[in-house]
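A.B. asks: One structure, as structure tokens, below. Some questions next.
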Amino acid sequence: PPFAEIRGGAWVVLDSSINSSVMEMYAAARTARGGVLEANGAASVKYRTKDLLASMHRLDDKLKTLDSSLEACQDENAIKEAKKLISDREQSLLPVYEQIAVQFCDLHDTPGRMKAVGVIEREVEWTDARTFFFWRLRRKLAEFDVRRKILEAGEVGRSIKRLTATEASAVCKEWFLDSPGTENKMWEDDKAVLSWMAHHYSDIEMRIKDLTRSYVADEVLQVLTAGGTTEEIGTAGMIEGLSRAYQLMGKTNKEKFKSALKAALDI
């Protein structure tokens, strides 16, 4: 939410990388912050006093002049005076540089930076949050339903092509991009994806059936061409299974089965 921060242990609990297939992170635009350390803590680790002093001597014109004067000094009193002036200048600049360091570290925790490193999906304007998450939730529920069916398609038999949830979502995305008039950036448009699912419901169901049939065919092929004992036992088991299934079929289904088998084997 706006002006909210996620730090330390809370970040570890909510990080979407825990289960990226179902978890997504979003941040309110501009004012939200996220990171393991707060900006003050990060600055104290990344920009210690010696680092701030080095930056001062590299950037501050007055200090650079004093450094040059110190190098040119020959008299011991002049050296002491130059060092005192340098020390006074360092102490006067230190609070300013400490604030700059904190601000610099804070820039690494902004929504824009979080999006750039991939820890959030996108920035969301707080005024649009209700509408955005309404459509996002509807889209995700519909996508998860299709993904579940794709996963079930890969669970037939011995599941030789078992997919992960992320891979199943990738298959769904491929189907979406195969449809005319779609492009890659539209996959992030929740309304567009929901509309596609509604208008192509029959096509999606047909693709799932084809996918299941493909997995079954691949498994049968693997068994029958494995070679050696595996092939011998697998072939016998396949025939026995077909015989048992045939005996349990009704008369109409038996005729359909025989016709399909003859057509497939060209006999």
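Please note that chains go A, B, ... in the order of the structure tokens, that every chain numbers its residues from 1, and that ligands are numbered from 1 in the order shown.
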Please identify all polymer residues within 7 Å of Pro2 of chain A, counting only C-alpha atoms, omitting same-chain residues fewer than 5 positions from it, and present them as a ChimeraX atom specification.
C.D. replies: /A:28,31-32
A.B. asks: If you count only C-alpha atoms, which residues fall within 9 Å of segment 172-180 of chain A, apart from same-chain ones fewer than 6 positions away, as a list in words?
C.D. replies: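 Contacts, in chain order: Glu143, Val146, Arg147, Ile150, Met186, Trp187, Val193, Trp196, Met197, His200, Ile204 and Arg207 of chain A.
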A.B. asks: Of the candidates A:Leu137, A:Lys115, A:Ser44, A:Leu85, which one gets nearest to Ile100 of chain A if we count only C-alpha atoms?
C.D. replies: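 That would be A:Ser44, the residue with the smallest distance to Ile100 of chain A.
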A.B. asks: If you measure from atom CA of Val124 of chain A to atom CA of Pro1 of chain A, what distance in Å do you get, rounded to one decimal?
C.D. replies: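 Atom CA of Pro1 of chain A lies 9.1 Å from atom CA of Val124 of chain A.
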A.B. asks: When you count only C-alpha atoms, which of these residues is closest to Lys46 of chain A: A:Glu98, A:Glu232, A:Asp145, A:Glu81?
C.D. replies: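 Ranked by minimum distance to Lys46 of chain A, first place goes to A:Glu98.
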A.B. asks: Could you write out, as a ChimeraX atom specification, all the residues of segment 31-171 of chain A that DSSP marks as alpha helix (DSSP H)?
C.D. replies: /A:39-46,49-59,61-72,76-107,111-116,129-153,165-171
A.B. asks: If you count only C-alpha atoms, which residues fall within 12 Å of Gln99 of chain A, apart from same-chain ones fewer than 2 positions away, as a list in words?
C.D. replies: Ala39, Asn40, Ala43, Ser44, Tyr47, Leu52, Leu93, Leu94, Pro95, Val96, Tyr97, Ala101, Val102, Gln103, Phe104, Cys105 and Asp106 of chain A
